[in-house]
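Data first, discussion second: the structure below is written as structure tokens.
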Amino acid sequence: MTCKDILAKKIVLVHTPSALQAPMSTFSLFDIAGPIMVGPSSSHTAGAAKIGQFARAIFDSTPTKAHFLLHGSFGEVYKGHATDRALLGGIMKFAPNDGRIKEAFEVAKEKKIKYAFEPGNLGSGYHPNSVRITLENKKRSMTIVGSSIGGGNVIIIQINGFDVHLTGNSAEQYFTLVVQNENLPGMLAKITGFLGNKGIRIVNMQSCYLALENKVLSVLSIEKALTLKEILDLESEDGILFVRTLNKLAQ
């Protein structure tokens, strides 16, 4: 895998259109008012819930199966610190201060979501509070790797095998696009040209190439949000596999 990174200032809201133009579902990924949360730990509980929320948002659907590979201290203390309940609650769109996190197992059973928690090792270089989340339904699967770095702050470091750097505590002044496309000539120009034709200026950009799949994932910080129609139009372009929008937090 090779990556060209110009780190973008990132996200807090995610909302993803589907090819069927389903109603938009927008919710705060990183919305936590100071220490208000379901305890006992900001790193192991609040941060875990936020990572789960992100995975659910980028998956853009309620999964039927969820697998959590718990790295480092996440794998050591996940039961006692309710990391398992927080992660599961997050993929059901529960905020860190949602009391339903305590009943996450029961709610998941009602929603018929099968889930499994597995302590494991993601390898060297990962923060000790890290997790790989794999979400599935009958049509697709998606994998997110995220780390809880303290105080309820998180970093998303991988989407479907692509290295990214999405944080919830950076200056929330830009909108962000996540675009996956086939590795064909002119694809990056197609994406940037589309935005240029809409009068939307690109501020920063990350672009990563996954050699095994011959695909590229790009993260672009932009000054103006796209409409649902514009997002669907971009997603319908030849060679574009999916588009996700990450909207700045409302002040």
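By convention here, the chains of the structure tokens are called A, B, ... in the order presented, each chain's residues are numbered starting at 1, and ligands are numbered starting at 1 in the order presented.
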### Message
At a cut-off of 9 Å, using only C-alpha atoms, what residues contact A:Glu213? Leave out same-chain residues fewer than 3 positions from it and give the result as a ChimeraX atom specification.
### Response
/A:182-183,209-210,216
Resulting file, chosen residues, C-alpha atoms, as a PDB file, in the first residue's frame:
ATOM      1  CA  GLU A 182     -11.226   2.341  -9.346  1.00  0.00           C
ATOM      2  CA  ASN A 183      -7.570   3.020 -10.097  1.00  0.00           C
ATOM      3  CA  TYR A 209      -3.793   3.409  -3.146  1.00  0.00           C
ATOM      4  CA  LEU A 210      -4.582  -0.192  -2.222  1.00  0.00           C
ATOM      5  CA  VAL A 216      -7.970   4.438  -4.475  1.00  0.00           C
TER       6      VAL A 216
END
#### Entry: Shell around A:Gly196 at 12 Å using only C-alpha atoms, local window under 4 positions removed, as a PyMOL selection string
chain A and resi 189-192+200-203+222-224+226
Can you list every residue in stretch 18-237 of chain A that DSSP puts in strand (DSSP E), as a PDB file with C-alpha atoms, in the first residue's frame?
ATOM      1  CA  PHE A  27     -25.981  12.479  13.360  1.00  0.00           C
ATOM      2  CA  SER A  28     -23.055  13.772  15.354  1.00  0.00           C
ATOM      3  CA  LYS A  65     -23.485  -8.827  11.890  1.00  0.00           C
ATOM      4  CA  ALA A  66     -20.743  -6.993  13.756  1.00  0.00           C
ATOM      5  CA  HIS A  67     -17.296  -8.234  14.741  1.00  0.00           C
ATOM      6  CA  PHE A  68     -14.989  -6.302  17.073  1.00  0.00           C
ATOM      7  CA  LEU A  69     -11.270  -7.156  17.238  1.00  0.00           C
ATOM      8  CA  LEU A  70     -10.067  -5.494  20.453  1.00  0.00           C
ATOM      9  CA  HIS A  71      -6.415  -4.465  20.509  1.00  0.00           C
ATOM     10  CA  LYS A 114     -25.338 -10.798  15.693  1.00  0.00           C
ATOM     11  CA  TYR A 115     -22.110  -9.624  17.330  1.00  0.00           C
ATOM     12  CA  ALA A 116     -18.817 -10.964  18.617  1.00  0.00           C
ATOM     13  CA  PHE A 117     -15.927  -9.479  20.615  1.00  0.00           C
ATOM     14  CA  GLU A 118     -12.440 -10.911  20.162  1.00  0.00           C
ATOM     15  CA  PRO A 119      -9.291  -9.749  21.956  1.00  0.00           C
ATOM     16  CA  GLY A 120      -6.454  -9.690  19.453  1.00  0.00           C
ATOM     17  CA  SER A 130      -7.790   0.405  19.262  1.00  0.00           C
ATOM     18  CA  VAL A 131     -10.440  -1.709  17.597  1.00  0.00           C
ATOM     19  CA  ARG A 132     -11.142  -3.132  14.164  1.00  0.00           C
ATOM     20  CA  ILE A 133     -14.874  -3.178  13.477  1.00  0.00           C
ATOM     21  CA  THR A 134     -16.309  -5.285  10.665  1.00  0.00           C
ATOM     22  CA  LEU A 135     -19.947  -4.657   9.785  1.00  0.00           C
ATOM     23  CA  GLU A 136     -21.940  -6.850   7.419  1.00  0.00           C
ATOM     24  CA  SER A 141     -19.241  -5.579   4.425  1.00  0.00           C
ATOM     25  CA  MET A 142     -17.015  -2.763   5.617  1.00  0.00           C
ATOM     26  CA  THR A 143     -14.085  -2.566   8.017  1.00  0.00           C
ATOM     27  CA  ILE A 144     -13.085   0.427  10.144  1.00  0.00           C
ATOM     28  CA  VAL A 145     -10.059   0.710  12.453  1.00  0.00           C
ATOM     29  CA  GLY A 146     -10.123   3.409  15.105  1.00  0.00           C
ATOM     30  CA  SER A 147      -8.280   4.409  18.256  1.00  0.00           C
ATOM     31  CA  SER A 148      -9.503   6.123  21.418  1.00  0.00           C
ATOM     32  CA  ILE A 149      -6.667   8.452  22.384  1.00  0.00           C
ATOM     33  CA  GLY A 150      -7.959   9.872  25.660  1.00  0.00           C
ATOM     34  CA  ASN A 153     -11.158  11.855  21.521  1.00  0.00           C
ATOM     35  CA  VAL A 154     -10.766   9.361  18.693  1.00  0.00           C
ATOM     36  CA  ILE A 155      -8.861   8.867  15.459  1.00  0.00           C
ATOM     37  CA  ILE A 156     -10.133   6.764  12.563  1.00  0.00           C
ATOM     38  CA  ILE A 157      -7.039   5.320  10.943  1.00  0.00           C
ATOM     39  CA  GLN A 158      -8.328   2.842   8.376  1.00  0.00           C
ATOM     40  CA  ILE A 159     -11.377   2.378   6.158  1.00  0.00           C
ATOM     41  CA  PHE A 162      -7.032   2.277   3.283  1.00  0.00           C
ATOM     42  CA  ASP A 163      -4.933   4.360   5.659  1.00  0.00           C
ATOM     43  CA  VAL A 164      -6.699   7.587   6.667  1.00  0.00           C
ATOM     44  CA  HIS A 165      -6.429  10.133   9.454  1.00  0.00           C
ATOM     45  CA  LEU A 166      -9.826  11.375  10.597  1.00  0.00           C
ATOM     46  CA  THR A 167     -10.063  13.104  13.939  1.00  0.00           C
ATOM     47  CA  PHE A 175     -16.654  19.730   5.093  1.00  0.00           C
ATOM     48  CA  THR A 176     -15.036  16.463   4.038  1.00  0.00           C
ATOM     49  CA  LEU A 177     -15.640  13.996   1.230  1.00  0.00           C
ATOM     50  CA  VAL A 178     -14.551  10.357   1.320  1.00  0.00           C
ATOM     51  CA  VAL A 179     -14.474   8.920  -2.202  1.00  0.00           C
ATOM     52  CA  GLN A 180     -13.450   5.416  -3.272  1.00  0.00           C
ATOM     53  CA  ASN A 181     -12.784   4.794  -6.946  1.00  0.00           C
ATOM     54  CA  GLU A 182     -11.226   2.341  -9.346  1.00  0.00           C
ATOM     55  CA  ILE A 202     -10.580  21.980  -2.105  1.00  0.00           C
ATOM     56  CA  VAL A 203      -8.577  22.899   0.979  1.00  0.00           C
ATOM     57  CA  ASN A 204      -6.663  19.710   1.797  1.00  0.00           C
ATOM     58  CA  MET A 205      -6.518  16.151   0.565  1.00  0.00           C
ATOM     59  CA  GLN A 206      -5.377  12.627   1.385  1.00  0.00           C
ATOM     60  CA  SER A 207      -5.187   9.942  -1.273  1.00  0.00           C
ATOM     61  CA  CYS A 208      -4.271   6.276  -0.688  1.00  0.00           C
ATOM     62  CA  TYR A 209      -3.793   3.409  -3.146  1.00  0.00           C
ATOM     63  CA  LEU A 210      -4.582  -0.192  -2.222  1.00  0.00           C
ATOM     64  CA  LYS A 215      -8.537   0.952  -5.828  1.00  0.00           C
ATOM     65  CA  VAL A 216      -7.970   4.438  -4.475  1.00  0.00           C
ATOM     66  CA  LEU A 217      -9.598   6.142  -1.499  1.00  0.00           C
ATOM     67  CA  SER A 218      -9.406   9.928  -1.234  1.00  0.00           C
ATOM     68  CA  VAL A 219     -10.360  12.251   1.608  1.00  0.00           C
ATOM     69  CA  LEU A 220     -10.925  15.849   0.547  1.00  0.00           C
ATOM     70  CA  SER A 221     -11.561  18.842   2.816  1.00  0.00           C
ATOM     71  CA  ILE A 222     -13.827  21.321   1.062  1.00  0.00           C
TER      72      ILE A 222
END
### Close residues, A:Gly89 itself excluded, 9 Å, only C-alpha atoms, min 5 positions apart in chain, as a list in words
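Result of the neighbour search: Ala49, Gly52, Gln53, Asp84, Phe94, Ala95, Pro96, Asp98, Arg100, Ile101, Lys102, Glu103, Ala104, Phe105, Val107 and Ala108 of chain A.
The space separating atom CA of A:Asn129 from atom CA of A:Gly72 comes to 6.1 Å.
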### Query
Neighbours of stretch 234-238 of chain A within 8 Å (only C-alpha atoms; same-chain residues fewer than 3 positions away dropped), as a list of chain:residue names?
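Everything that qualifies: A:Ala19, A:Ile191, A:Phe194, A:Glu230, A:Ile231, A:Leu241, A:Phe242, A:Val243.
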#### Entry: Computed interatomic separation between atom CA of A:His81 and atom CA of A:Gly125 (Å)
23.3 Å
### Task
Go through stretch 161-230 of chain A and collect every residue that DSSP, computed from the backbone, puts in helix (DSSP H, G or I); the answer should be as a PyMOL selection string.
chain A and resi 187-197+228-230
### Task
Figure out the distance between atom CA of A:Ala57 and atom CA of A:Gly193, please, to one decimal in Å.
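If I compute the distance from atom CA of A:Gly193 to atom CA of A:Ala57, I get 26.6 Å.
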